[in-house]
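Quick notes on the structure that follows.
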Amino acid sequence: MSKLRCAVIGTGYLGKFHADKYALLPECELVAVVDANPETAASLAAKHGCRGLTDYRELLGEVDAVSIAVPTSLHFQVARDFLAAGSHVLVEKPITTTVEEADALIELAREQNRVLMVGHLERFNPAILALEGVLDQPRFIESTRLAPFKPRATDVSVVLDLMIHDIDIILDIVDSPITHIEASGAAVLTGDTDIANARLTFANGCVANVTASRISLKSERKMRLFQKDAYLSVDFQNRVLATHRRGSGEMFPGVPEILSDEVRFENGDALLEEIRHFVECTLTGRPPRVPGEAGRRALAAAEEISALLRSA
């Protein structure tokens, strides 16, 4: 069977890793990498023995699948052009800058019968995948995502840069419409929001408290989920899932028994698993774990939070 012809558009911090993963997959042929900087494109192309280009339009109609890791403001244009040319598309998060652009890409992918997948990488973290068997209708969720300041990705607020990871996961877990959002935040080191908190209330009664900061002195990516008779803790950074459940007995008179368990997952490669999943979907027609609709849903919530922050 012929190999899937793949390319990576945008070879900055994330894009170069995408190229590395495609080069590892036996069912793929990395035919080109594209970057506005010719030296960057040439260097990565030499590493993988493929073409290095500065204009992605040279590849339209020439590749089966692409990863798009250009600045967010260019996601719509580049993804639209490749979908229209018949390529499957994996676009980094956030899917686009507006919900209207996301809707247009989703419709185009449907018309072209092509996979449109959004790169919400935490969906492939083994600690999150392990929730599938133990999570049951959470009533309260608290997530914290803290990171030291980095110059990259400052073209968007911390909501679209970091918080959107947790928004996507929470919306997938709760699977109920949002009925109310409260938000607060502040710009500290950039011209946009650098630290933010949002409280999401859902139609089924669940409440999520979400905090994100890109100006912290430490890195932390944790989510705590409370459901009937159980508390679950996910440490994304260290790949740990801890469960604490109410037992049938008592630890002390009047104090319920708590049964605890902790699973530590080996260091895996979430990006490789994400791209492998994308490739499998293009080859089999299987729906992706994070389709365009999921990216659109997360973006819509992030947009509403951002609007509240701007109006505060």
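Order determines the names: the first chain of the structure tokens is A, the second B, and so forth; residues in each chain are numbered 1 upward, and ligands are numbered 1 upward as they are shown.
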
Can you pull out every residue within 10 Å of Asp136 of chain A, counting only C-alpha atoms, but drop anything in the same chain fewer than 4 positions away, and send it as a list of chain:residue names?
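The residues that qualify are A:Leu131, A:Glu132, A:Ile173, A:Val174, A:Leu225, A:Phe226, A:Gln227, A:Lys228, A:Ala230.
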
Among segment 29-274 of chain A, which ones does DSSP place in strand (DSSP E), written as a ChimeraX atom specification?
/A:29-34,51-53,65-68,88-92,116-119,140-146,178-186,195-202,207-213,220-227,230-235,240-252,255-264

Run DSSP on the backbone of this structure and report the residues of segment 2-201 of chain A it assigns to helix (DSSP H, G or I), as a PyMOL selection string.
chain A and resi 15-24+38-48+56-59+72-84+99-112+121-124+126-133+158-174

Can I get the selection written as a PDB file, in the first residue's frame, with C-alpha atoms?
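And here is the file that came out, out-v3.pdb:
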```pdb
ATOM      1  CA  GLY A  15       5.849  22.198  14.151  1.00  0.00           C
ATOM      2  CA  LYS A  16       9.324  20.699  14.258  1.00  0.00           C
ATOM      3  CA  PHE A  17       8.052  18.031  16.656  1.00  0.00           C
ATOM      4  CA  HIS A  18       5.175  17.240  14.309  1.00  0.00           C
ATOM      5  CA  ALA A  19       7.717  16.671  11.541  1.00  0.00           C
ATOM      6  CA  ASP A  20       9.744  14.348  13.778  1.00  0.00           C
ATOM      7  CA  LYS A  21       6.670  12.210  14.507  1.00  0.00           C
ATOM      8  CA  TYR A  22       5.575  11.862  10.879  1.00  0.00           C
ATOM      9  CA  ALA A  23       9.110  10.781  10.027  1.00  0.00           C
ATOM     10  CA  LEU A  24       8.800   7.965  12.602  1.00  0.00           C
ATOM     11  CA  PRO A  38      13.822  29.721   4.642  1.00  0.00           C
ATOM     12  CA  GLU A  39      16.716  28.737   6.921  1.00  0.00           C
ATOM     13  CA  THR A  40      14.366  27.064   9.400  1.00  0.00           C
ATOM     14  CA  ALA A  41      12.595  25.175   6.629  1.00  0.00           C
ATOM     15  CA  ALA A  42      15.877  24.107   4.981  1.00  0.00           C
ATOM     16  CA  SER A  43      17.401  22.900   8.251  1.00  0.00           C
ATOM     17  CA  LEU A  44      14.441  20.694   9.189  1.00  0.00           C
ATOM     18  CA  ALA A  45      14.087  19.457   5.613  1.00  0.00           C
ATOM     19  CA  ALA A  46      17.744  18.390   5.592  1.00  0.00           C
ATOM     20  CA  LYS A  47      17.198  16.501   8.852  1.00  0.00           C
ATOM     21  CA  HIS A  48      14.341  14.466   7.380  1.00  0.00           C
ATOM     22  CA  TYR A  56       2.528  26.271   1.535  1.00  0.00           C
ATOM     23  CA  ARG A  57       0.530  26.864  -1.636  1.00  0.00           C
ATOM     24  CA  GLU A  58       3.140  24.900  -3.589  1.00  0.00           C
ATOM     25  CA  LEU A  59       1.822  21.781  -1.834  1.00  0.00           C
ATOM     26  CA  THR A  72      -3.358  31.150  15.206  1.00  0.00           C
ATOM     27  CA  SER A  73      -4.284  34.093  12.995  1.00  0.00           C
ATOM     28  CA  LEU A  74      -3.312  32.005   9.937  1.00  0.00           C
ATOM     29  CA  HIS A  75      -5.066  28.745  10.934  1.00  0.00           C
ATOM     30  CA  PHE A  76      -8.234  29.448   8.988  1.00  0.00           C
ATOM     31  CA  GLN A  77      -6.582  30.473   5.731  1.00  0.00           C
ATOM     32  CA  VAL A  78      -4.114  27.590   5.627  1.00  0.00           C
ATOM     33  CA  ALA A  79      -6.579  24.916   6.784  1.00  0.00           C
ATOM     34  CA  ARG A  80      -9.227  26.150   4.333  1.00  0.00           C
ATOM     35  CA  ASP A  81      -6.827  25.971   1.407  1.00  0.00           C
ATOM     36  CA  PHE A  82      -5.679  22.431   2.200  1.00  0.00           C
ATOM     37  CA  LEU A  83      -9.202  21.119   2.845  1.00  0.00           C
ATOM     38  CA  ALA A  84     -10.380  22.654  -0.420  1.00  0.00           C
ATOM     39  CA  VAL A  99     -16.294  30.587  15.820  1.00  0.00           C
ATOM     40  CA  GLU A 100     -17.444  31.687  12.359  1.00  0.00           C
ATOM     41  CA  GLU A 101     -14.125  30.572  10.866  1.00  0.00           C
ATOM     42  CA  ALA A 102     -14.366  27.264  12.729  1.00  0.00           C
ATOM     43  CA  ASP A 103     -17.876  26.701  11.337  1.00  0.00           C
ATOM     44  CA  ALA A 104     -16.606  27.339   7.817  1.00  0.00           C
ATOM     45  CA  LEU A 105     -13.799  24.776   8.200  1.00  0.00           C
ATOM     46  CA  ILE A 106     -16.152  22.168   9.669  1.00  0.00           C
ATOM     47  CA  GLU A 107     -18.559  22.600   6.764  1.00  0.00           C
ATOM     48  CA  LEU A 108     -15.749  22.462   4.205  1.00  0.00           C
ATOM     49  CA  ALA A 109     -14.333  19.272   5.733  1.00  0.00           C
ATOM     50  CA  ARG A 110     -17.803  17.737   5.586  1.00  0.00           C
ATOM     51  CA  GLU A 111     -18.250  18.731   1.941  1.00  0.00           C
ATOM     52  CA  GLN A 112     -14.836  17.363   0.997  1.00  0.00           C
ATOM     53  CA  LEU A 121      -2.773  17.359  23.021  1.00  0.00           C
ATOM     54  CA  GLU A 122      -3.910  16.695  26.595  1.00  0.00           C
ATOM     55  CA  ARG A 123      -6.666  14.429  25.255  1.00  0.00           C
ATOM     56  CA  PHE A 124      -3.871  11.931  24.582  1.00  0.00           C
ATOM     57  CA  PRO A 126      -2.586   8.609  29.540  1.00  0.00           C
ATOM     58  CA  ALA A 127      -3.857   9.972  32.869  1.00  0.00           C
ATOM     59  CA  ILE A 128      -6.873  11.508  31.082  1.00  0.00           C
ATOM     60  CA  LEU A 129      -7.441   8.422  28.939  1.00  0.00           C
ATOM     61  CA  ALA A 130      -7.564   6.328  32.143  1.00  0.00           C
ATOM     62  CA  LEU A 131     -10.504   8.394  33.445  1.00  0.00           C
ATOM     63  CA  GLU A 132     -12.769   6.631  30.970  1.00  0.00           C
ATOM     64  CA  GLY A 133     -13.351   3.682  33.238  1.00  0.00           C
ATOM     65  CA  VAL A 158      -3.748  32.951  28.371  1.00  0.00           C
ATOM     66  CA  VAL A 159      -7.317  31.759  27.766  1.00  0.00           C
ATOM     67  CA  LEU A 160      -6.547  30.687  24.185  1.00  0.00           C
ATOM     68  CA  ASP A 161      -2.959  29.734  24.990  1.00  0.00           C
ATOM     69  CA  LEU A 162      -3.376  27.542  28.101  1.00  0.00           C
ATOM     70  CA  MET A 163      -6.887  27.543  29.580  1.00  0.00           C
ATOM     71  CA  ILE A 164      -8.427  26.183  26.383  1.00  0.00           C
ATOM     72  CA  HIS A 165      -6.748  22.804  27.058  1.00  0.00           C
ATOM     73  CA  ASP A 166      -8.790  22.381  30.231  1.00  0.00           C
ATOM     74  CA  ILE A 167     -11.923  23.923  28.726  1.00  0.00           C
ATOM     75  CA  ASP A 168     -11.817  21.278  25.976  1.00  0.00           C
ATOM     76  CA  ILE A 169     -11.390  18.410  28.443  1.00  0.00           C
ATOM     77  CA  ILE A 170     -14.090  19.688  30.794  1.00  0.00           C
ATOM     78  CA  LEU A 171     -16.612  20.181  27.975  1.00  0.00           C
ATOM     79  CA  ASP A 172     -15.917  16.643  26.758  1.00  0.00           C
ATOM     80  CA  ILE A 173     -16.242  15.177  30.263  1.00  0.00           C
ATOM     81  CA  VAL A 174     -19.381  17.047  31.345  1.00  0.00           C
TER      82      VAL A 174
END
```

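Between Arg289 of chain A and the candidates A:Val255, A:Ala147, A:Ile275, A:Ile95, the tightest atom-to-atom separation, counting only C-alpha atoms, involves A:Ile275.
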
Pick out the residues sitting within 7 Å of Thr144 of chain A, and hand them over as JSON, numbers by chain; count only C-alpha atoms, and ignore anything fewer than 6 positions along from it in its own chain.
{"A": [210, 211, 212, 220, 221, 222, 223]}

Measuring between only C-alpha atoms, which one of A:Val63, A:Val156, A:Leu189, A:Leu232 shows the shortest distance to Leu135 of chain A?
A:Leu232

For His88 of chain A, work out the shell of residues within 12 Å, counting only C-alpha atoms and skipping chain neighbours fewer than 2 positions away, then give it as an mmCIF file with C-alpha atoms, in the first residue's frame.
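The resulting file, result-v1.cif, is shown below:
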```cif
data_model
loop_
_atom_site.group_PDB
_atom_site.id
_atom_site.type_symbol
_atom_site.label_atom_id
_atom_site.label_comp_id
_atom_site.auth_asym_id
_atom_site.auth_seq_id
_atom_site.Cartn_x
_atom_site.Cartn_y
_atom_site.Cartn_z
ATOM 1 C CA LEU A 4 0.340 8.691 3.152
ATOM 2 C CA ARG A 5 2.006 11.825 1.787
ATOM 3 C CA CYS A 6 2.302 14.249 4.703
ATOM 4 C CA ALA A 7 3.596 17.762 5.301
ATOM 5 C CA VAL A 8 3.989 20.152 8.216
ATOM 6 C CA LEU A 60 -1.895 22.225 -2.520
ATOM 7 C CA GLY A 61 -3.148 19.086 -4.223
ATOM 8 C CA GLU A 62 0.227 17.371 -3.672
ATOM 9 C CA VAL A 63 -0.209 15.931 -0.153
ATOM 10 C CA ASP A 64 -2.745 13.668 1.530
ATOM 11 C CA ALA A 65 -2.502 15.077 5.063
ATOM 12 C CA VAL A 66 -1.005 18.091 6.817
ATOM 13 C CA SER A 67 -0.287 19.355 10.303
ATOM 14 C CA ILE A 68 -0.822 23.101 10.613
ATOM 15 C CA ALA A 79 -6.579 24.916 6.784
ATOM 16 C CA ARG A 80 -9.227 26.150 4.333
ATOM 17 C CA ASP A 81 -6.827 25.971 1.407
ATOM 18 C CA PHE A 82 -5.679 22.431 2.200
ATOM 19 C CA LEU A 83 -9.202 21.119 2.845
ATOM 20 C CA ALA A 84 -10.380 22.654 -0.420
ATOM 21 C CA ALA A 85 -7.465 20.939 -2.193
ATOM 22 C CA GLY A 86 -8.511 17.548 -0.755
ATOM 23 C CA LEU A 90 -4.669 18.387 11.804
ATOM 24 C CA VAL A 91 -4.652 21.987 13.030
ATOM 25 C CA LEU A 105 -13.799 24.776 8.200
ATOM 26 C CA ILE A 106 -16.152 22.168 9.669
ATOM 27 C CA LEU A 108 -15.749 22.462 4.205
ATOM 28 C CA ALA A 109 -14.333 19.272 5.733
ATOM 29 C CA ARG A 110 -17.803 17.737 5.586
ATOM 30 C CA GLN A 112 -14.836 17.363 0.997
ATOM 31 C CA ASN A 113 -15.248 14.235 3.158
ATOM 32 C CA ARG A 114 -11.917 14.935 4.850
ATOM 33 C CA VAL A 115 -10.733 14.601 8.443
ATOM 34 C CA LEU A 116 -10.506 17.868 10.361
ATOM 35 C CA MET A 117 -8.861 17.261 13.715
ATOM 36 C CA VAL A 118 -7.761 19.789 16.344
ATOM 37 C CA PHE A 278 -4.870 11.349 13.058
ATOM 38 C CA VAL A 279 -3.151 9.183 10.464
ATOM 39 C CA GLU A 280 -5.299 6.175 11.403
ATOM 40 C CA CYS A 281 -8.456 8.278 11.002
ATOM 41 C CA THR A 282 -7.397 9.427 7.528
ATOM 42 C CA LEU A 283 -6.726 5.833 6.471
ATOM 43 C CA GLY A 285 -12.471 6.924 7.985
ATOM 44 C CA PRO A 288 -11.122 11.636 15.281
ATOM 45 C CA PRO A 291 -12.968 16.647 15.636
ATOM 46 C CA GLY A 292 -13.452 20.173 14.383
#
```

Quick one: residues within 7 Å of Ser233 of chain A, only C-alpha atoms counted, chain neighbours fewer than 2 positions away excluded, as number ranges by chain?
A: 223-225, 231, 235, 241-243

Those same residues - N, CA and C atoms - I'd like them written as a PDB file, in the first residue's frame.
```
ATOM      1  N   MET A 223      -6.035  18.619  37.495  1.00  0.00           N
ATOM      2  CA  MET A 223      -7.486  18.695  37.466  1.00  0.00           C
ATOM      3  C   MET A 223      -8.034  17.783  38.546  1.00  0.00           C
ATOM      4  N   ARG A 224      -8.996  18.311  39.307  1.00  0.00           N
ATOM      5  CA  ARG A 224      -9.630  17.544  40.379  1.00  0.00           C
ATOM      6  C   ARG A 224     -11.115  17.432  40.075  1.00  0.00           C
ATOM      7  N   LEU A 225     -11.634  16.225  40.163  1.00  0.00           N
ATOM      8  CA  LEU A 225     -13.027  15.978  39.795  1.00  0.00           C
ATOM      9  C   LEU A 225     -13.739  15.301  40.960  1.00  0.00           C
ATOM     10  N   TYR A 231     -13.536  11.123  44.663  1.00  0.00           N
ATOM     11  CA  TYR A 231     -12.731  12.285  44.280  1.00  0.00           C
ATOM     12  C   TYR A 231     -11.590  11.768  43.411  1.00  0.00           C
ATOM     13  N   ASP A 235      -2.940  14.508  37.442  1.00  0.00           N
ATOM     14  CA  ASP A 235      -1.724  15.320  37.317  1.00  0.00           C
ATOM     15  C   ASP A 235      -1.201  15.106  35.901  1.00  0.00           C
ATOM     16  N   LEU A 241      -2.890   9.431  37.945  1.00  0.00           N
ATOM     17  CA  LEU A 241      -4.320   9.450  38.234  1.00  0.00           C
ATOM     18  C   LEU A 241      -4.529   8.864  39.626  1.00  0.00           C
ATOM     19  N   ALA A 242      -5.067   9.683  40.548  1.00  0.00           N
ATOM     20  CA  ALA A 242      -5.354   9.227  41.905  1.00  0.00           C
ATOM     21  C   ALA A 242      -6.866   9.183  42.103  1.00  0.00           C
ATOM     22  N   THR A 243      -7.352   8.109  42.699  1.00  0.00           N
ATOM     23  CA  THR A 243      -8.784   7.981  42.972  1.00  0.00           C
ATOM     24  C   THR A 243      -8.981   7.748  44.471  1.00  0.00           C
TER      25      THR A 243
END
```

Residues within 9 Å of Ala198 of chain A, only C-alpha atoms, excluding chain neighbours under 2 positions, as a PyMOL selection string
chain A and resi 181-185+196+200+208-212+305

Coordinates-based distance that separates atom CA of Arg139 of chain A from atom CA of Glu262 of chain A (Å, one decimal)
21.3 Å
